[in-house]
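Novice: Next comes data_10.cif, mmCIF, C-alpha atoms and all ligand atoms:
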```cif
data_start
loop_
_atom_site.label_atom_id
_atom_site.label_comp_id
_atom_site.auth_asym_id
_atom_site.auth_seq_id
_atom_site.Cartn_x
_atom_site.Cartn_y
_atom_site.Cartn_z
CA SER A 19 -22.98 -7.62 26.78
CA THR A 20 -25.39 -9.77 24.78
CA LYS A 21 -25.01 -7.66 21.68
CA PRO A 22 -23.31 -9.26 18.69
CA ARG A 23 -19.65 -8.33 18.52
CA ILE A 24 -18.01 -7.22 15.26
CA VAL A 25 -14.21 -7.38 15.29
CA VAL A 26 -12.29 -5.56 12.55
CA VAL A 27 -8.60 -6.52 12.32
CA GLY A 28 -6.25 -4.04 10.62
CA ALA A 29 -6.84 -0.28 10.46
CA GLY A 30 -5.70 0.46 6.91
CA TYR A 31 -7.99 1.95 4.27
CA ALA A 32 -10.33 -1.05 4.34
CA GLY A 33 -10.52 -1.45 8.14
CA MET A 34 -10.75 2.27 8.94
CA MET A 35 -13.53 2.92 6.45
CA THR A 36 -15.47 -0.21 7.46
CA THR A 37 -15.31 0.88 11.11
CA LYS A 38 -16.25 4.44 10.23
CA ARG A 39 -19.25 3.24 8.18
CA LEU A 40 -20.35 0.87 10.94
CA THR A 41 -20.38 3.72 13.46
CA GLN A 42 -22.45 5.77 11.01
CA GLN A 43 -24.92 3.04 10.05
CA LEU A 44 -25.47 0.93 13.17
CA GLN A 45 -27.36 2.03 16.24
CA PRO A 46 -25.26 1.52 19.39
CA GLN A 47 -27.66 -1.19 20.58
CA GLU A 48 -27.25 -3.20 17.35
CA ALA A 49 -23.66 -4.34 17.89
CA ASP A 50 -20.39 -3.82 19.73
CA ILE A 51 -17.57 -2.78 17.42
CA VAL A 52 -13.93 -3.61 18.12
CA LEU A 53 -11.03 -2.37 15.96
CA VAL A 54 -7.67 -4.10 16.33
CA ASN A 55 -4.49 -2.54 14.96
CA LYS A 56 -0.76 -2.93 15.51
CA HIS A 57 -0.33 0.75 16.29
CA ASN A 58 -2.44 3.57 17.68
CA TYR A 59 -2.04 5.34 14.35
CA HIS A 60 -3.32 4.70 10.83
CA TYR A 61 -0.93 5.40 7.99
CA GLN A 62 -1.47 6.30 4.37
CA THR A 63 -0.08 3.29 2.56
CA THR A 64 -0.38 5.18 -0.73
CA TRP A 65 2.12 7.78 0.56
CA LEU A 66 4.76 5.34 1.81
CA HIS A 67 6.96 5.79 -1.27
CA GLU A 68 7.29 9.44 -0.25
CA VAL A 69 8.32 8.45 3.27
CA ALA A 70 10.84 5.97 1.82
CA ALA A 71 12.37 8.64 -0.44
CA GLY A 72 12.41 11.26 2.30
CA THR A 73 10.17 13.67 0.40
CA ILE A 74 7.45 13.85 3.06
CA ASP A 75 7.55 14.14 6.85
CA PRO A 76 6.56 10.63 8.05
CA ASN A 77 4.19 12.17 10.58
CA ARG A 78 2.15 13.69 7.79
CA ALA A 79 1.45 10.21 6.50
CA ARG A 80 0.07 9.15 9.90
CA ILE A 81 -3.23 9.83 11.62
CA MET A 82 -3.98 9.03 15.26
CA ILE A 83 -6.88 6.59 15.05
CA SER A 84 -8.61 8.21 18.01
CA ASP A 85 -8.67 11.51 16.07
CA VAL A 86 -11.05 10.09 13.48
CA ILE A 87 -12.78 7.09 15.06
CA ASP A 88 -15.30 7.62 17.84
CA THR A 89 -13.60 5.64 20.61
CA LYS A 90 -16.72 5.81 22.77
CA ARG A 91 -18.50 3.75 20.11
CA VAL A 92 -15.56 1.59 19.07
CA GLN A 93 -13.39 -0.38 21.44
CA MET A 94 -9.79 0.04 20.29
CA VAL A 95 -7.31 -2.78 20.81
CA TYR A 96 -3.72 -1.86 19.95
CA ASP A 97 -2.08 -5.23 19.49
CA THR A 98 -0.69 -7.52 16.80
CA VAL A 99 -2.83 -10.29 15.37
CA THR A 100 -0.83 -13.52 15.28
CA GLU A 101 -3.57 -15.93 14.20
CA LEU A 102 -7.19 -16.05 13.10
CA GLN A 103 -9.22 -19.06 14.27
CA PRO A 104 -12.41 -18.93 12.20
CA GLN A 105 -13.51 -22.39 13.41
CA ASN A 106 -13.50 -21.14 17.01
CA GLU A 107 -14.54 -17.57 16.16
CA ARG A 108 -11.45 -16.21 17.86
CA VAL A 109 -8.62 -13.81 17.05
CA ILE A 110 -5.29 -14.53 18.70
CA LEU A 111 -3.20 -11.47 19.60
CA GLU A 112 0.33 -11.11 20.85
CA ASN A 113 -1.05 -10.10 24.25
CA GLY A 114 -4.40 -11.81 24.47
CA GLU A 115 -7.33 -13.00 22.41
CA LEU A 116 -10.77 -11.89 21.31
CA SER A 117 -13.95 -13.71 20.39
CA TYR A 118 -16.32 -12.42 17.76
CA ASP A 119 -19.69 -12.95 16.14
CA TYR A 120 -18.55 -11.26 12.92
CA LEU A 121 -14.97 -10.75 11.75
CA VAL A 122 -13.62 -8.34 9.15
CA VAL A 123 -10.11 -9.24 7.98
CA SER A 124 -8.40 -6.12 6.64
CA LEU A 125 -4.77 -6.85 7.49
CA GLY A 126 -3.37 -5.56 4.20
CA PHE A 127 -0.36 -6.87 2.31
CA GLU A 128 3.19 -8.05 2.54
CA THR A 129 5.75 -7.90 -0.25
CA ALA A 130 5.79 -10.90 -2.59
CA THR A 131 9.28 -12.03 -3.60
CA PHE A 132 8.21 -14.55 -6.28
CA GLY A 133 10.92 -16.84 -4.93
CA ILE A 134 13.77 -14.71 -6.29
CA PRO A 135 16.79 -15.76 -4.21
CA GLY A 136 18.04 -13.10 -1.80
CA ILE A 137 15.08 -10.69 -2.10
CA ALA A 138 13.53 -11.67 1.23
CA GLU A 139 16.85 -11.33 3.10
CA HIS A 140 18.63 -8.46 1.35
CA ALA A 141 16.27 -6.03 -0.38
CA TRP A 142 14.53 -3.11 1.30
CA LYS A 143 10.74 -3.23 1.02
CA ILE A 144 8.14 -0.46 1.23
CA GLU A 145 5.57 -2.03 3.56
CA ASN A 146 4.80 0.26 6.48
CA ILE A 147 5.87 3.54 8.09
CA GLU A 148 8.72 2.03 10.06
CA ASN A 149 10.49 0.26 7.23
CA SER A 150 9.81 3.13 4.84
CA LYS A 151 11.53 5.50 7.27
CA ALA A 152 14.40 3.04 7.52
CA ILE A 153 14.83 3.07 3.73
CA TYR A 154 15.28 6.83 3.72
CA HIS A 155 17.71 6.69 6.63
CA HIS A 156 19.70 4.11 4.75
CA ILE A 157 19.81 6.18 1.55
CA GLU A 158 20.97 9.25 3.45
CA SER A 159 23.55 7.23 5.39
CA GLN A 160 25.11 6.15 2.06
CA PHE A 161 25.53 9.81 1.15
CA ILE A 162 27.08 10.53 4.57
CA LYS A 163 29.52 7.63 4.24
CA TYR A 164 30.60 8.76 0.80
CA ALA A 165 30.91 12.42 1.75
CA SER A 166 32.96 11.59 4.84
CA GLY A 167 35.32 9.36 2.86
CA GLU A 168 34.27 6.25 4.78
CA THR A 169 33.71 4.68 1.38
CA GLU A 170 35.20 5.68 -1.97
CA ASP A 171 33.03 3.28 -3.92
CA ASP A 172 30.78 5.32 -6.25
CA THR A 173 28.25 2.50 -6.42
CA ALA A 174 27.45 3.14 -2.74
CA LEU A 175 25.38 6.08 -3.96
CA ASN A 176 23.46 4.07 -6.55
CA ILE A 177 19.81 3.40 -5.88
CA LEU A 178 18.55 0.23 -7.49
CA ILE A 179 14.84 -0.41 -7.70
CA GLY A 180 13.39 -3.78 -8.65
CA GLY A 181 9.93 -3.67 -10.23
CA SER A 182 8.31 -0.92 -12.25
CA GLY A 183 4.71 -1.29 -11.29
CA PHE A 184 2.81 1.50 -9.58
CA THR A 185 4.88 1.48 -6.37
CA GLY A 186 8.24 1.11 -8.11
CA ILE A 187 7.64 4.02 -10.49
CA GLU A 188 6.13 6.31 -7.87
CA PHE A 189 9.07 5.57 -5.54
CA LEU A 190 11.72 6.12 -8.17
CA ALA A 191 10.11 9.42 -9.17
CA GLU A 192 10.37 10.59 -5.54
CA VAL A 193 14.01 9.48 -5.46
CA VAL A 194 14.61 11.59 -8.57
CA GLU A 195 13.21 14.57 -6.63
CA LYS A 196 15.32 13.90 -3.54
CA VAL A 197 18.74 13.14 -5.04
CA PRO A 198 19.62 16.74 -6.04
CA GLU A 199 18.82 17.88 -2.49
CA LEU A 200 21.03 15.17 -0.97
CA CYS A 201 23.83 15.97 -3.44
CA SER A 202 23.80 19.61 -2.53
CA LYS A 203 23.59 18.87 1.20
CA TYR A 204 26.63 16.55 1.07
CA ASP A 205 28.57 18.30 -1.73
CA ILE A 206 28.40 15.39 -4.10
CA ASP A 207 28.42 15.69 -7.88
CA GLN A 208 25.02 14.50 -9.07
CA SER A 209 26.54 12.53 -11.94
CA THR A 210 28.01 10.06 -9.42
CA VAL A 211 24.51 8.96 -8.38
CA ARG A 212 22.72 6.44 -10.60
CA ILE A 213 19.04 5.58 -10.26
CA ILE A 214 18.40 2.25 -11.93
CA ASN A 215 15.10 0.47 -12.41
CA VAL A 216 15.00 -3.22 -13.35
CA GLU A 217 11.82 -4.84 -14.66
CA ALA A 218 11.30 -8.29 -16.17
CA ALA A 219 8.13 -7.35 -18.09
CA PRO A 220 8.44 -5.74 -21.54
CA SER A 221 7.36 -2.29 -20.29
CA ILE A 222 7.05 -0.16 -17.16
CA LEU A 223 3.65 0.33 -15.50
CA PRO A 224 1.97 -2.78 -16.87
CA GLY A 225 -1.77 -2.24 -17.33
CA PHE A 226 -1.46 1.50 -18.02
CA ASP A 227 -2.28 3.07 -21.38
CA GLU A 228 0.62 2.95 -23.86
CA GLU A 229 0.74 6.69 -24.44
CA LEU A 230 0.90 7.31 -20.69
CA ILE A 231 3.65 4.73 -20.28
CA GLU A 232 5.69 6.41 -23.00
CA TYR A 233 5.23 9.80 -21.38
CA ALA A 234 6.31 8.51 -17.97
CA GLU A 235 9.29 6.62 -19.32
CA LYS A 236 10.51 9.58 -21.37
CA ASN A 237 10.11 12.11 -18.55
CA LEU A 238 11.88 9.92 -16.03
CA SER A 239 14.66 8.97 -18.49
CA ASP A 240 15.16 12.66 -19.27
CA ARG A 241 15.64 13.23 -15.55
CA GLY A 242 18.39 10.60 -15.44
CA VAL A 243 16.67 7.32 -14.58
CA GLU A 244 18.25 4.27 -16.22
CA PHE A 245 15.59 1.73 -17.20
CA ARG A 246 16.50 -1.92 -17.62
CA ILE A 247 13.21 -3.22 -18.97
CA GLY A 248 12.69 -6.83 -20.05
CA THR A 249 15.49 -7.74 -17.68
CA LYS A 250 15.00 -10.57 -15.24
CA ILE A 251 16.45 -10.37 -11.72
CA GLN A 252 18.11 -13.73 -11.06
CA GLU A 253 19.30 -12.95 -7.57
CA CYS A 254 19.53 -10.19 -5.01
CA THR A 255 22.63 -9.65 -2.86
CA PRO A 256 23.08 -7.06 -0.09
CA ASP A 257 24.50 -4.62 -2.65
CA SER A 258 23.37 -5.74 -6.11
CA PHE A 259 20.98 -7.48 -8.43
CA ILE A 260 22.30 -10.24 -10.65
CA VAL A 261 20.32 -9.86 -13.89
CA GLY A 262 19.70 -11.34 -17.31
CA ASP A 263 20.92 -14.50 -19.03
CA ASP A 264 24.54 -13.43 -18.69
CA ASN A 265 24.26 -12.85 -14.92
CA GLU A 266 25.36 -9.24 -15.09
CA GLU A 267 25.84 -7.68 -11.65
CA ILE A 268 24.35 -4.21 -11.08
CA LYS A 269 25.87 -2.77 -7.90
CA ALA A 270 24.19 -0.28 -5.58
CA GLY A 271 24.41 0.89 -1.98
CA THR A 272 20.62 0.84 -1.79
CA VAL A 273 18.60 -2.05 -3.19
CA VAL A 274 14.81 -1.78 -3.00
CA TRP A 275 12.30 -4.40 -4.19
CA THR A 276 8.78 -3.29 -5.15
CA GLY A 277 7.87 -6.21 -7.40
CA GLY A 278 4.59 -7.39 -5.97
CA VAL A 279 2.25 -7.87 -3.03
CA GLN A 280 0.31 -10.69 -1.45
CA ALA A 281 -2.03 -11.01 1.53
CA ASN A 282 -0.67 -10.43 5.02
CA PRO A 283 1.02 -13.72 6.04
CA VAL A 284 -1.35 -14.16 9.00
CA VAL A 285 -4.16 -14.95 6.53
CA GLY A 286 -2.44 -17.94 4.90
CA GLN A 287 -0.97 -19.11 8.21
CA SER A 288 -4.50 -19.21 9.66
CA GLY A 289 -5.55 -21.77 7.05
CA PHE A 290 -7.35 -19.61 4.50
CA GLU A 291 -6.71 -20.97 1.03
CA LEU A 292 -4.67 -18.60 -1.13
CA THR A 293 -4.81 -18.18 -4.91
CA LYS A 294 -1.92 -16.10 -6.25
CA GLY A 295 -1.24 -14.86 -2.73
CA LYS A 296 -4.77 -13.79 -1.79
CA VAL A 297 -8.07 -15.31 -0.69
CA ASN A 298 -10.80 -15.56 -3.34
CA ALA A 299 -13.59 -13.73 -1.53
CA ARG A 300 -17.23 -14.41 -2.33
CA ASP A 301 -19.13 -11.82 -4.35
CA ASP A 302 -20.49 -10.27 -1.14
CA LEU A 303 -16.92 -10.07 0.26
CA ARG A 304 -17.28 -12.95 2.68
CA ALA A 305 -14.52 -15.53 2.97
CA PRO A 306 -15.19 -18.96 1.51
CA ASN A 307 -16.48 -21.46 4.11
CA TYR A 308 -17.26 -18.90 6.83
CA ASP A 309 -20.54 -17.00 6.76
CA ASN A 310 -19.43 -14.55 9.45
CA VAL A 311 -15.98 -13.61 8.10
CA PHE A 312 -15.33 -10.82 5.58
CA MET A 313 -12.03 -10.70 3.69
CA ILE A 314 -11.37 -7.25 2.22
CA GLY A 315 -8.69 -4.89 0.89
CA ASP A 316 -5.31 -6.34 -0.05
CA THR A 317 -6.09 -9.71 1.57
CA SER A 318 -8.49 -10.82 -1.17
CA TRP A 319 -9.54 -11.00 -4.79
CA VAL A 320 -13.11 -10.18 -5.70
CA TRP A 321 -14.30 -11.49 -9.03
CA ASP A 322 -15.46 -9.10 -11.74
CA HIS A 323 -17.97 -11.31 -13.59
CA GLU A 324 -18.52 -8.83 -16.38
CA ASN A 325 -14.87 -8.82 -17.41
CA ASP A 326 -14.02 -12.30 -16.17
CA LYS A 327 -11.06 -11.21 -14.05
CA PRO A 328 -10.58 -9.95 -10.50
CA PHE A 329 -11.39 -6.32 -9.70
CA PRO A 330 -8.28 -4.16 -9.23
CA VAL A 331 -6.82 -4.41 -5.72
CA ASN A 332 -5.86 -0.94 -4.53
CA ALA A 333 -6.74 1.78 -2.06
CA GLN A 334 -9.71 2.90 -4.13
CA SER A 335 -11.25 -0.58 -4.21
CA ALA A 336 -10.42 -1.14 -0.51
CA ILE A 337 -12.40 1.99 0.41
CA GLN A 338 -15.34 0.95 -1.78
CA GLU A 339 -15.28 -2.58 -0.38
CA ALA A 340 -15.55 -1.07 3.10
CA ASP A 341 -18.94 0.44 2.14
CA THR A 342 -20.26 -2.90 0.90
CA CYS A 343 -18.78 -4.77 3.87
CA ALA A 344 -20.39 -2.44 6.44
CA ALA A 345 -23.74 -2.56 4.62
CA ASN A 346 -23.59 -6.37 4.44
CA LEU A 347 -22.78 -6.64 8.15
CA HIS A 348 -25.80 -4.48 8.83
CA ALA A 349 -27.91 -6.72 6.59
CA LEU A 350 -26.74 -9.87 8.36
CA LEU A 351 -27.52 -8.35 11.78
CA GLN A 352 -31.04 -7.64 10.56
CA GLY A 353 -31.44 -11.07 8.96
CA LYS A 354 -31.51 -9.57 5.47
CA GLU A 355 -29.78 -10.58 2.24
CA THR A 356 -26.27 -9.34 1.51
CA ASN A 357 -25.34 -7.45 -1.67
CA ASN A 358 -22.55 -8.19 -4.11
CA PHE A 359 -19.59 -5.86 -4.41
CA VAL A 360 -19.22 -3.94 -7.66
CA PHE A 361 -16.15 -1.78 -8.21
CA ASP A 362 -16.76 1.68 -9.60
CA ASN A 363 -13.47 2.67 -11.19
CA LYS A 364 -12.94 6.39 -10.72
CA GLY A 365 -9.59 6.28 -12.45
CA THR A 366 -5.98 5.71 -11.55
CA VAL A 367 -3.28 8.32 -11.27
CA ALA A 368 0.41 7.60 -10.68
CA SER A 369 2.62 10.43 -9.56
CA ILE A 370 5.92 10.75 -11.40
CA GLY A 371 7.34 13.64 -9.41
CA LYS A 372 6.35 16.76 -7.52
CA GLY A 373 4.54 18.48 -10.37
CA ASP A 374 3.99 15.57 -12.69
CA ALA A 375 1.75 12.52 -12.95
CA ILE A 376 -0.07 10.30 -15.42
CA GLY A 377 -3.42 8.61 -15.27
CA THR A 378 -6.90 7.99 -16.56
CA ILE A 379 -10.19 9.22 -15.16
CA LEU A 380 -13.81 8.89 -16.32
CA ASP A 381 -13.14 5.50 -17.95
CA ASP A 382 -10.56 6.48 -20.52
CA TYR A 383 -9.83 10.19 -20.31
CA LYS A 384 -6.05 10.51 -20.21
CA LEU A 385 -4.30 13.01 -17.97
CA PHE A 386 -0.67 14.13 -18.05
CA GLY A 387 1.59 16.52 -16.17
CA LYS A 388 0.30 19.19 -13.79
CA LYS A 389 -3.37 18.39 -14.37
CA ALA A 390 -2.80 14.76 -13.46
CA ARG A 391 -0.81 15.82 -10.42
CA LEU A 392 -3.69 18.00 -9.25
CA MET A 393 -6.06 15.06 -9.70
CA LYS A 394 -3.70 12.92 -7.60
CA ASN A 395 -3.94 15.45 -4.79
CA VAL A 396 -7.73 15.51 -5.12
CA ILE A 397 -7.79 11.71 -4.77
CA ASP A 398 -5.52 11.85 -1.69
CA ASN A 399 -7.67 14.56 -0.12
CA ARG A 400 -10.91 12.74 -0.90
CA TYR A 401 -9.89 9.84 1.29
CA LEU A 402 -8.88 12.17 4.13
CA PHE A 403 -12.31 13.78 3.79
CA LEU A 404 -14.11 10.42 3.93
CA VAL A 405 -12.26 9.26 6.99
CA GLY A 406 -11.82 12.50 8.91
CA GLY A 407 -13.85 15.31 7.34
CA PRO A 408 -12.58 18.78 6.35
CA LYS A 409 -10.52 19.15 9.55
CA LEU A 410 -8.28 16.30 8.50
CA ILE A 411 -7.74 17.76 5.04
CA LEU A 412 -6.51 20.97 6.62
CA LYS A 413 -4.21 19.07 8.94
CA LYS A 414 -2.76 16.44 6.61
CA GLY A 415 -4.08 17.23 3.17
CA LYS A 416 -2.08 17.78 0.02
CA VAL A 417 -3.20 21.32 -0.58
CA ARG A 418 0.19 22.83 -1.26
CA PHE A 419 -0.25 22.64 -5.03
CA PHE A 420 -3.51 24.54 -5.18
P1 LIG A 501 -3.30 -1.45 4.41
O1 LIG A 501 -3.57 -0.07 4.01
O2 LIG A 501 -1.94 -2.00 4.14
O3 LIG A 501 -3.60 -1.59 5.97
C1 LIG A 501 -3.33 -2.75 6.73
C2 LIG A 501 -3.38 -2.38 8.21
O4 LIG A 501 -3.27 -3.55 9.00
C3 LIG A 501 -2.25 -1.46 8.65
O5 LIG A 501 -2.75 -0.43 9.44
C4 LIG A 501 -1.34 -2.37 9.48
O6 LIG A 501 -0.65 -1.68 10.51
C5 LIG A 501 -2.34 -3.36 10.05
N1 LIG A 501 -1.74 -4.65 10.35
C6 LIG A 501 -0.95 -5.40 9.54
N2 LIG A 501 -0.62 -6.55 10.14
C7 LIG A 501 -1.21 -6.54 11.34
C8 LIG A 501 -1.24 -7.48 12.42
N3 LIG A 501 -0.63 -8.66 12.36
N4 LIG A 501 -1.95 -7.13 13.52
C9 LIG A 501 -2.58 -5.94 13.60
N5 LIG A 501 -2.60 -5.03 12.62
C10 LIG A 501 -1.92 -5.33 11.50
N6 LIG A 501 -3.57 2.28 -4.38
C11 LIG A 501 -4.30 3.23 -5.02
O7 LIG A 501 -5.51 3.04 -5.21
N7 LIG A 501 -3.73 4.39 -5.44
C12 LIG A 501 -2.42 4.68 -5.22
O8 LIG A 501 -1.94 5.76 -5.61
C13 LIG A 501 -1.61 3.71 -4.55
N8 LIG A 501 -0.31 3.97 -4.30
C14 LIG A 501 0.41 3.06 -3.56
C15 LIG A 501 1.73 3.38 -3.23
C16 LIG A 501 2.49 2.52 -2.45
C17 LIG A 501 3.90 2.89 -2.08
C18 LIG A 501 1.92 1.27 -2.02
C19 LIG A 501 2.72 0.31 -1.17
C20 LIG A 501 0.63 0.94 -2.37
C21 LIG A 501 -0.15 1.82 -3.14
N9 LIG A 501 -1.48 1.54 -3.47
C22 LIG A 501 -2.23 2.49 -4.13
C23 LIG A 501 -2.12 0.29 -3.01
C24 LIG A 501 -2.87 0.53 -1.71
O9 LIG A 501 -2.03 1.21 -0.81
C25 LIG A 501 -3.35 -0.76 -1.08
O10 LIG A 501 -4.12 -1.46 -2.00
C26 LIG A 501 -4.17 -0.45 0.18
O11 LIG A 501 -3.32 0.10 1.17
C27 LIG A 501 -4.88 -1.66 0.74
O12 LIG A 501 -5.58 -1.29 1.90
P2 LIG A 501 -5.76 -2.29 3.10
O13 LIG A 501 -6.64 -1.61 4.08
O14 LIG A 501 -6.15 -3.62 2.59
O15 LIG A 501 -4.30 -2.49 3.73
#
```
Would you mind writing the structure in this file as structure tokens?
Specialist:
Amino acid sequence: STKPRIVVVGAGYAGMMTTKRLTQQLQPQEADIVLVNKHNYHYQTTWLHEVAAGTIDPNRARIMISDVIDTKRVQMVYDTVTELQPQNERVILENGELSYDYLVVSLGFETATFGIPGIAEHAWKIENIENSKAIYHHIESQFIKYASGETEDDTALNILIGGSGFTGIEFLAEVVEKVPELCSKYDIDQSTVRIINVEAAPSILPGFDEELIEYAEKNLSDRGVEFRIGTKIQECTPDSFIVGDDNEEIKAGTVVWTGGVQANPVVGQSGFELTKGKVNARDDLRAPNYDNVFMIGDTSWVWDHENDKPFPVNAQSAIQEADTCAANLHALLQGKETNNFVFDNKGTVASIGKGDAIGTILDDYKLFGKKARLMKNVIDNRYLFLVGGPKLILKKGKVRFF
């Protein structure tokens, strides 16, 4: 066809919503739309900590892409991107290649190890459905080994979590929920299981309000979590972290690292310049140097001129960027000017267990406990609504608390 071809790579929050918006805003004759993704399903990255702790059925965190994207309008390519060639306007896949007129890079993140020795090789990482499922299988297998007498080492049951940012805290809170269930299933005394969180920064949940941090730390400590805050991980081994100036070894059968994220490695390997692990996108979300490439979601930073720092990089901003990206693609197709992205912060809520959460909404209104947890479910459901309408909320939504 002679129509311009838009290729979107990566069907996470950013890629799914961009594609959805393009199908809503463009007439079929305006452009061909191609969506490339590793799998035929989209997963809820913001629920992966629940998959990793075994507190949610992994299939609930997945959506078949063809259930929510009009595959008559959008050509689906289920393949893995191995390289982007912006000079040649091509995308190289494991099993072929694609050319494009416009490219949207929404390949998401990989875990950043900050060069800590052993993390890359030995720690579990919460990155996608498959490895999150594997984390839970591993945790349960430690309980099985201990219960069957295959190991008598108590530390086999310990769960050690590096990093107490958003992901680390949400994951450890789910682990706190799951451990009693595993203990009762395998007849293990709960006091033999330690849940330990190690963080180099002076507090958990950096960037959150102090009162909320205190609340979270107290509630999780009361439920048995051991916090080692202000403690630097020197090294990771298959069954421990070596921490602090005195190289203390904290042993555990399960070692998970949640310390940070950076752009999908394909982005850097394709020659895009990285600053602190991500591409500095232009104000209208285009990549530097290429007028027909957009860099959105976890692959990029977008500058917040008003506050002289990057906008937050999270699911909420990824979904909002998708709106701007789709509108800007439409503008370019019509020879019009693009608009700059502006993040509208609707608040952030971190879950700290089944009926508990902390967060802020409406700029600085603080929420705790059940109310915050309800808000968290509203946020989760809102995305399902945007991408799949009310049907999807009924199918996958978090309505069990209402
Ligand atoms: P992703 O959602 O990661 O999607 C990337 C997509 O690209 C995936 O579908 C993947 O399969 C595909 N892909 C990757 N590599 C390739 C390849 N080579 N070829 C083809 N396809 C590929 N943010 C919030 O706002 N609120 C929260 O409560 C929150 N909780 C979180 C909890 C956890 C456990 C984690 C890990 C993150 C959380 N975040 C949260 C952050 C948020 O999930 C990310 O910012 C968001 O997922 C970014 O969206 P994205 O579309 O850029 O990438």
Novice: Just give me the gap between atom CA of Ala340 of chain A and atom CA of Glu145 of chain A in Å, one decimal is fine.
Specialist: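 A separation of 21.1 Å between them.
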Novice: Using all atoms listed in the file, which residues have at least one atom no more than 7 Å from ligand LIG 501 (chain A)? Output them as a VMD selection string.
Specialist: chain A and resid 27 to 33 54 to 57 60 to 67 97 to 100 124 to 127 144 to 145 184 to 185 189 282 284 314 to 317 331 to 336 366 to 368
Novice: With only C-alpha atoms as the basis for distance, which of A:Ile134, A:Leu223, A:Val193, A:Met34 is at the shortest distance from Tyr401 of chain A?
Specialist: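 Going through A:Ile134, A:Leu223, A:Val193, A:Met34 one by one, the smallest distance to Tyr401 of chain A is for A:Met34.
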Novice: Find the residues near Asp341 of chain A: any atom within 7 Å, counting only C-alpha atoms, skip ones fewer than 3 places away on the same chain, and give them as a PyMOL selection string.
Specialist: chain A and resi 36+39+337-338+344-345
Novice: Measure the distance from atom CA of Leu412 of chain A to atom CA of Asn363 of chain A in Å and round it to one decimal.
Specialist: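 Computing the Euclidean distance for atom CA of Leu412 of chain A and atom CA of Asn363 of chain A yields 26.5 Å.
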